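Inspection log for the structure reproduced underneath, given as structure tokens.
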Amino acid sequence: MRNATWKAASRAALALTGAGALAAGMAMVLVAPAAAGTTLGASAAEKGRYFGAAVAAYKLSDSAYTTILNREFNSVTPENEMKIDATEPQQGQFSYGQADQIVNHARSRGMSVRGHTLAWHSQQPGWMQNMSGSALRQAMLNHVTQVATHFRGQVVAWDVVNEAFADGSSGARRDSNLQRTGNDWIEAAFRAARAADSGAKLCYNDYNTDNWSHAKTQAVYAMVRDFKQRGVPIDCVGFQSHFNSGSPYPSNYRTTLSSFAALGVDVQITELDIEGASAATYRSVVEDCLAVARCNGVTVWGIRDSDSWRASQTPLLFTSGGAKKPAYDAVLAALNNGTTPTDPPTTPPPTTPPPGPGGCTAAVAVNQWTGGFVATVKVTAGSSAITSWTVTLTLPLGSTVTNAWNANRSGDTGTTNWTNVAYNGRVGAGQSTEFGFQANGTAGGLTPTCAAG
Ligand code: XIL
């Protein structure tokens with residue numbers, strides 16, 4: 001008995017040693033970073049970004065697929081395996097096998113993982129589709145908590161909530177069983193995700209939010225601004241960016257990305273595919289991301305055209321046979337020749353701001369009502385970038401600040417001083433950032449002054 005146990009154990013140990021040595025040997029080959037400029041991932045990394053792909057667990061046994069994945073990408077998003085129907089097929093019974101497979105494949109090769117998605121109206125398991133009201137709210141929050149806890153430390157960013165706004169001109173929330181649990185379902189999901197995994201960036205993700213002039217884009221923007229002002233934990237916004245003839249790449253895409261970034265969130269292109277895979281359009285998308293410092297990376301929604309959820313549109317960077325398409329060359333070239341960021345960087349802000357010239361100006365807009373007002377102060381850098389700022393504002397007698405956002409303050413009455421917070425001190429030449437405060441009393445004519453650090 002003892003002998004048999006020992007033999008079994010030693011065989012297992014031998015097998016493990018062999019596998020371990022093999023894995024270690026392979027890892028050395030696979031993890032060795034590709035020369036900058038030769039693969040999507042390495043070139044994106046040179047620009048402080050990632051280049052990712054949506055990955056399906058069942059394809060990890062296809063060596064043509066994994067050859068491209070392992071060579072080109074340094075981020076993955078499970079295409080379906082982390083969705084609610086996959087991770088909680090029966091209420092209270094969690095199933096992580098396929099998601100874990102993708103996470104392990106990625107992390108053992110030094111790729112990061114985007115989690116997709118914790119709360120969504122679609123791909124709900126049957127039990128959830130049939131729920132409503134407070135029972136559904138509770139079940140959703142439990143799902144967010146359980147799944148975010150399971151993947152804590154392994155997922156760098158979560159699409160906490162996916163596709164919660166309606167298409168078209170209404171700017172309204174999308175009707176769904178989750179929406180019918182109350183308008184605060186989105187912020188409740190974000191708070192639960194933060195409590196479960198304080199290390200992951202928490203994103204709101206949607207499609208048809210690429211065109212700055214569209215009502216849906218503006219509605220999501222207003223929600224994110226409101227979340228930032230009220231301290232709801234949101235760190236990033238995902239732009240799916242499924243482009244096709246009905247929903248084309250808009251010329252104001254960069255404005256959209258930089259406008260969201262100016263709210264103090266990161267932006268990520270999360271599910272990129274382009275009908276017909278125009279090289280010029282792929283190139284523009286990547287250039288737009290590189291032009292916005294808080295654009296962390298780009299994920300394409302599949303590897304080869306045959307992997308696409310819209311395969312007939314041939315929207316990806318590799319042919320079904322695995323060959324690089326012209327769009328691939330355009331993306332690689334864009335990554336290697338990226339433009340200079342013009343908006344504030346994501347992290348970390350400099351601890352000791354470099355000295356140097358560079359002034360700023362401040363302008364205030366007031367929304368006054370009887371007995372109180374909200375002031376929005378816009379800080380604009382002069383002809384050179386600034387790394388910190390102080391705005392001085394004198395309030396009229398009888399006016400007291402009650403709360404503020406996006407700035408530190410000293411003084412609630414009379415002469416008040418406002419300084420940047422960690423994420424909005426750096427303002428590019430000619431660029432702006434905003435902070436605001438609420439006060440009681442009457443604003444009168446406020447004349448802010450600005451000094452740059
Ligand atoms: C798609 C997957 O690619 C398909 O395999 C699945 O059948 C349906 O979902 N927006 C999203 C993604 O957020 O999760 C969707 O993925 C595509 C649209």
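Residue numbering restarts at 1 for every chain of the structure tokens, chains are lettered A, B, ... in their displayed order, and ligands are numbered from 1 as they appear.
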Note to self: List as number ranges by chain the protein and nucleic acid residues near Tyr50 in chain A, meaning an atom at most 10 Å away when only C-alpha atoms are counted, but skip any in the same chain fewer than 5 places from it.
What the structure shows: A: 40-45, 73-76, 111-112, 268, 295-299
Notebook entry, point to check: Hey, what does DSSP flag as alpha helix (DSSP H) within range 4-169 of chain A? Can you give it to me as JSON, numbers by chain?
Noted result: {"A": [4, 5, 6, 7, 8, 9, 10, 11, 12, 13, 14, 15, 16, 17, 18, 19, 20, 21, 22, 23, 24, 25, 26, 27, 28, 29, 30, 31, 40, 41, 42, 43, 44, 45, 46, 63, 64, 65, 66, 67, 68, 69, 70, 71, 72, 84, 85, 86, 87, 97, 98, 99, 100, 101, 102, 103, 104, 105, 106, 107, 126, 127, 128, 129, 133, 134, 135, 136, 137, 138, 139, 140, 141, 142, 143, 144, 145, 146, 147, 148, 149, 150]}
Check: Residues within 8 Å of ligand 1 (only C-alpha atoms and all ligand atoms), as a PyMOL selection string?
Finding: chain A and resi 54+79-80+83+116-117+123+162-163+205-207+240+242+271+301-302+308-309
With C-alpha atoms retained, write the just-selected residues as a short mmCIF file (atom, residue, chain, number, x, y, z; two decimals), in the first residue's frame.
data_model
loop_
_atom_site.label_atom_id
_atom_site.label_comp_id
_atom_site.auth_asym_id
_atom_site.auth_seq_id
_atom_site.Cartn_x
_atom_site.Cartn_y
_atom_site.Cartn_z
CA ALA A 54 -11.23 38.27 -28.09
CA GLU A 79 -15.38 36.21 -26.06
CA ASN A 80 -18.21 34.43 -24.23
CA LYS A 83 -20.70 36.10 -19.51
CA HIS A 116 -16.29 40.71 -20.05
CA THR A 117 -18.93 41.11 -18.64
CA GLN A 123 -26.68 36.19 -22.64
CA ASN A 162 -22.43 46.25 -20.88
CA GLU A 163 -24.80 47.97 -23.30
CA ASN A 205 -18.80 49.24 -22.16
CA ASP A 206 -21.14 49.94 -25.08
CA TYR A 207 -21.53 50.12 -28.88
CA GLN A 240 -16.87 48.36 -28.67
CA HIS A 242 -18.01 47.40 -34.32
CA GLU A 271 -14.32 44.96 -29.55
CA TRP A 301 -13.03 41.02 -31.64
CA GLY A 302 -11.39 37.86 -32.90
CA SER A 308 -15.37 36.70 -36.19
CA TRP A 309 -18.95 36.80 -34.94
#
Check: Out of range 46-264 of chain A, which residues get strand (DSSP E) from DSSP, as a ChimeraX atom specification?
Finding: /A:50-55,75-78,112-120,157-162,201-206,236-239,242-243
Would you mind exporting the chosen residues as a short mmCIF file (atom, residue, chain, number, x, y, z; two decimals), in the first residue's frame, restricted to N, CA, C and O atoms?
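Saved the output as result-v9.cif:
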data_model
loop_
_atom_site.label_atom_id
_atom_site.label_comp_id
_atom_site.auth_asym_id
_atom_site.auth_seq_id
_atom_site.Cartn_x
_atom_site.Cartn_y
_atom_site.Cartn_z
N TYR A 50 -1.72 48.17 -24.74
CA TYR A 50 -1.82 46.76 -25.08
C TYR A 50 -2.53 46.62 -26.42
O TYR A 50 -3.22 47.54 -26.87
N PHE A 51 -2.33 45.48 -27.05
CA PHE A 51 -3.13 45.14 -28.22
C PHE A 51 -3.70 43.76 -27.98
O PHE A 51 -2.96 42.79 -27.81
N GLY A 52 -5.02 43.67 -27.91
CA GLY A 52 -5.65 42.43 -27.48
C GLY A 52 -6.56 41.83 -28.53
O GLY A 52 -6.86 42.44 -29.56
N ALA A 53 -7.02 40.61 -28.23
CA ALA A 53 -7.99 39.93 -29.08
C ALA A 53 -9.01 39.22 -28.20
O ALA A 53 -8.68 38.75 -27.10
N ALA A 54 -10.23 39.13 -28.71
CA ALA A 54 -11.23 38.27 -28.09
C ALA A 54 -10.83 36.83 -28.40
O ALA A 54 -10.45 36.51 -29.53
N VAL A 55 -10.92 35.98 -27.37
CA VAL A 55 -10.46 34.60 -27.51
C VAL A 55 -11.57 33.65 -27.07
O VAL A 55 -12.27 33.90 -26.09
N SER A 75 -2.91 40.98 -24.76
CA SER A 75 -4.10 41.10 -23.92
C SER A 75 -5.16 40.18 -24.52
O SER A 75 -5.19 40.01 -25.75
N VAL A 76 -5.99 39.60 -23.69
CA VAL A 76 -7.11 38.81 -24.22
C VAL A 76 -8.39 39.18 -23.48
O VAL A 76 -8.36 39.57 -22.31
N THR A 77 -9.49 39.03 -24.20
CA THR A 77 -10.83 39.14 -23.60
C THR A 77 -11.57 37.85 -23.94
O THR A 77 -11.68 37.51 -25.12
N PRO A 78 -12.03 37.11 -22.94
CA PRO A 78 -12.83 35.93 -23.27
C PRO A 78 -14.08 36.37 -24.04
O PRO A 78 -14.79 37.29 -23.62
N SER A 112 -2.28 40.27 -20.46
CA SER A 112 -3.27 40.68 -19.47
C SER A 112 -4.66 40.26 -19.93
O SER A 112 -4.86 39.90 -21.10
N VAL A 113 -5.61 40.30 -19.02
CA VAL A 113 -6.96 39.84 -19.31
C VAL A 113 -7.97 40.95 -19.02
O VAL A 113 -7.93 41.57 -17.96
N ARG A 114 -8.86 41.20 -19.99
CA ARG A 114 -10.03 42.06 -19.75
C ARG A 114 -11.21 41.14 -19.44
O ARG A 114 -11.48 40.19 -20.19
N GLY A 115 -11.91 41.44 -18.39
CA GLY A 115 -13.08 40.64 -18.02
C GLY A 115 -14.32 41.18 -18.70
O GLY A 115 -14.57 42.38 -18.72
N HIS A 116 -15.11 40.29 -19.28
CA HIS A 116 -16.29 40.71 -20.05
C HIS A 116 -17.36 39.65 -19.88
O HIS A 116 -17.15 38.54 -20.33
N THR A 117 -18.46 39.89 -19.25
CA THR A 117 -18.93 41.11 -18.64
C THR A 117 -19.77 40.71 -17.45
O THR A 117 -20.37 39.62 -17.48
N LEU A 118 -19.89 41.56 -16.43
CA LEU A 118 -20.55 41.14 -15.18
C LEU A 118 -22.06 41.35 -15.19
O LEU A 118 -22.79 40.57 -14.60
N ALA A 119 -22.53 42.42 -15.82
CA ALA A 119 -23.97 42.69 -15.80
C ALA A 119 -24.41 43.17 -17.19
O ALA A 119 -23.87 44.15 -17.72
N TRP A 120 -25.36 42.47 -17.76
CA TRP A 120 -25.76 42.70 -19.16
C TRP A 120 -27.17 42.18 -19.35
O TRP A 120 -27.54 41.18 -18.74
N ALA A 157 -9.04 44.72 -16.06
CA ALA A 157 -10.18 45.62 -16.24
C ALA A 157 -11.44 44.78 -16.45
O ALA A 157 -11.39 43.75 -17.14
N TRP A 158 -12.51 45.22 -15.85
CA TRP A 158 -13.81 44.55 -16.02
C TRP A 158 -14.78 45.42 -16.80
O TRP A 158 -14.91 46.61 -16.48
N ASP A 159 -15.46 44.86 -17.78
CA ASP A 159 -16.66 45.49 -18.29
C ASP A 159 -17.73 45.17 -17.25
O ASP A 159 -18.34 44.09 -17.29
N VAL A 160 -17.92 46.08 -16.31
CA VAL A 160 -18.86 45.79 -15.21
C VAL A 160 -20.27 45.74 -15.77
O VAL A 160 -21.04 44.82 -15.50
N VAL A 161 -20.60 46.77 -16.55
CA VAL A 161 -21.94 46.83 -17.16
C VAL A 161 -21.75 47.00 -18.66
O VAL A 161 -20.93 47.81 -19.11
N ASN A 162 -22.53 46.25 -19.42
CA ASN A 162 -22.43 46.25 -20.88
C ASN A 162 -23.76 46.71 -21.48
O ASN A 162 -24.83 46.26 -21.06
N LYS A 201 -9.59 47.73 -12.89
CA LYS A 201 -10.24 48.93 -13.41
C LYS A 201 -11.66 48.56 -13.80
O LYS A 201 -11.89 47.52 -14.43
N LEU A 202 -12.59 49.42 -13.46
CA LEU A 202 -13.99 49.11 -13.70
C LEU A 202 -14.52 49.97 -14.84
O LEU A 202 -14.51 51.20 -14.77
N CYS A 203 -14.98 49.29 -15.89
CA CYS A 203 -15.38 49.99 -17.12
C CYS A 203 -16.88 49.87 -17.37
O CYS A 203 -17.51 48.85 -17.07
N TYR A 204 -17.42 50.89 -18.02
CA TYR A 204 -18.72 50.80 -18.66
C TYR A 204 -18.43 50.58 -20.16
O TYR A 204 -17.60 51.28 -20.74
N ASN A 205 -19.11 49.62 -20.78
CA ASN A 205 -18.80 49.24 -22.16
C ASN A 205 -20.06 49.31 -23.03
O ASN A 205 -21.13 48.88 -22.59
N ASP A 206 -19.94 49.87 -24.23
CA ASP A 206 -21.14 49.94 -25.08
C ASP A 206 -20.74 50.06 -26.55
O ASP A 206 -19.57 50.26 -26.89
N CYS A 236 -13.07 53.50 -16.24
CA CYS A 236 -12.82 53.43 -17.68
C CYS A 236 -14.12 53.25 -18.45
O CYS A 236 -15.12 52.79 -17.90
N VAL A 237 -14.03 53.63 -19.71
CA VAL A 237 -15.16 53.44 -20.62
C VAL A 237 -14.67 52.65 -21.83
O VAL A 237 -13.62 52.96 -22.41
N GLY A 238 -15.39 51.60 -22.15
CA GLY A 238 -15.04 50.76 -23.30
C GLY A 238 -15.90 51.15 -24.49
O GLY A 238 -17.12 51.29 -24.38
N PHE A 239 -15.24 51.31 -25.62
CA PHE A 239 -15.94 51.58 -26.89
C PHE A 239 -15.81 50.32 -27.73
O PHE A 239 -14.72 49.97 -28.17
N HIS A 242 -17.69 48.31 -33.21
CA HIS A 242 -18.01 47.40 -34.32
C HIS A 242 -18.45 48.30 -35.47
O HIS A 242 -19.56 48.81 -35.48
N PHE A 243 -17.56 48.50 -36.42
CA PHE A 243 -17.86 49.44 -37.51
C PHE A 243 -18.31 48.69 -38.77
O PHE A 243 -17.70 47.68 -39.15
#
Next item on the list: Write out as a PyMOL selection string which residues come within 7 Å of Ala193 in chain A when counting only C-alpha atoms, dropping same-chain ones fewer than 6 positions away.
Entry: chain A and resi 144-145+148
Notebook entry, point to check: Between A:Phe190, A:Phe373, A:Trp212, A:Trp127, which has the minimum distance to Ala443 in chain A (counting only C-alpha atoms)?
Noted result: A:Phe373
Check: Using only C-alpha atoms, which of the listed residues (A:Arg173, A:Lys59, A:Arg310, A:His105) sits closest to Glu275 in chain A?
Finding: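 Closest candidate: A:Arg310.
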Check: What gap, in Å, lies between CA of Gln313 in chain A and CA of Ser241 in chain A?
Finding: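 Here the two named atoms are 14.4 Å from each other.
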Next item on the list: Quick one: everything within 8 Å of range 322-336 of chain A, counting only C-alpha atoms, minus sequence neighbours fewer than 4 positions away in the same chain. Send it as number ranges by chain.
Entry: A: 37-40, 43-44, 47, 64-65, 68, 277-280, 282-283, 286-287, 290, 304, 316-318
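Comparing the minimum interatomic distances between Leu263 in chain A and each of A:Ile303, A:Ala439, A:Val224, A:Leu395, counting only C-alpha atoms, we find that A:Val224 sits nearest.
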Next item on the list: Tell me which of A:Val391, A:Arg194, A:Val300, A:Ala56 sits closest to Glu72 in chain A, counting only C-alpha atoms.
Entry: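 Once distances to Glu72 in chain A are computed over only C-alpha atoms, the minimum belongs to A:Val300.
The spacing separating CA of Thr392 in chain A from CA of Asn417 in chain A amounts to 4.6 Å.
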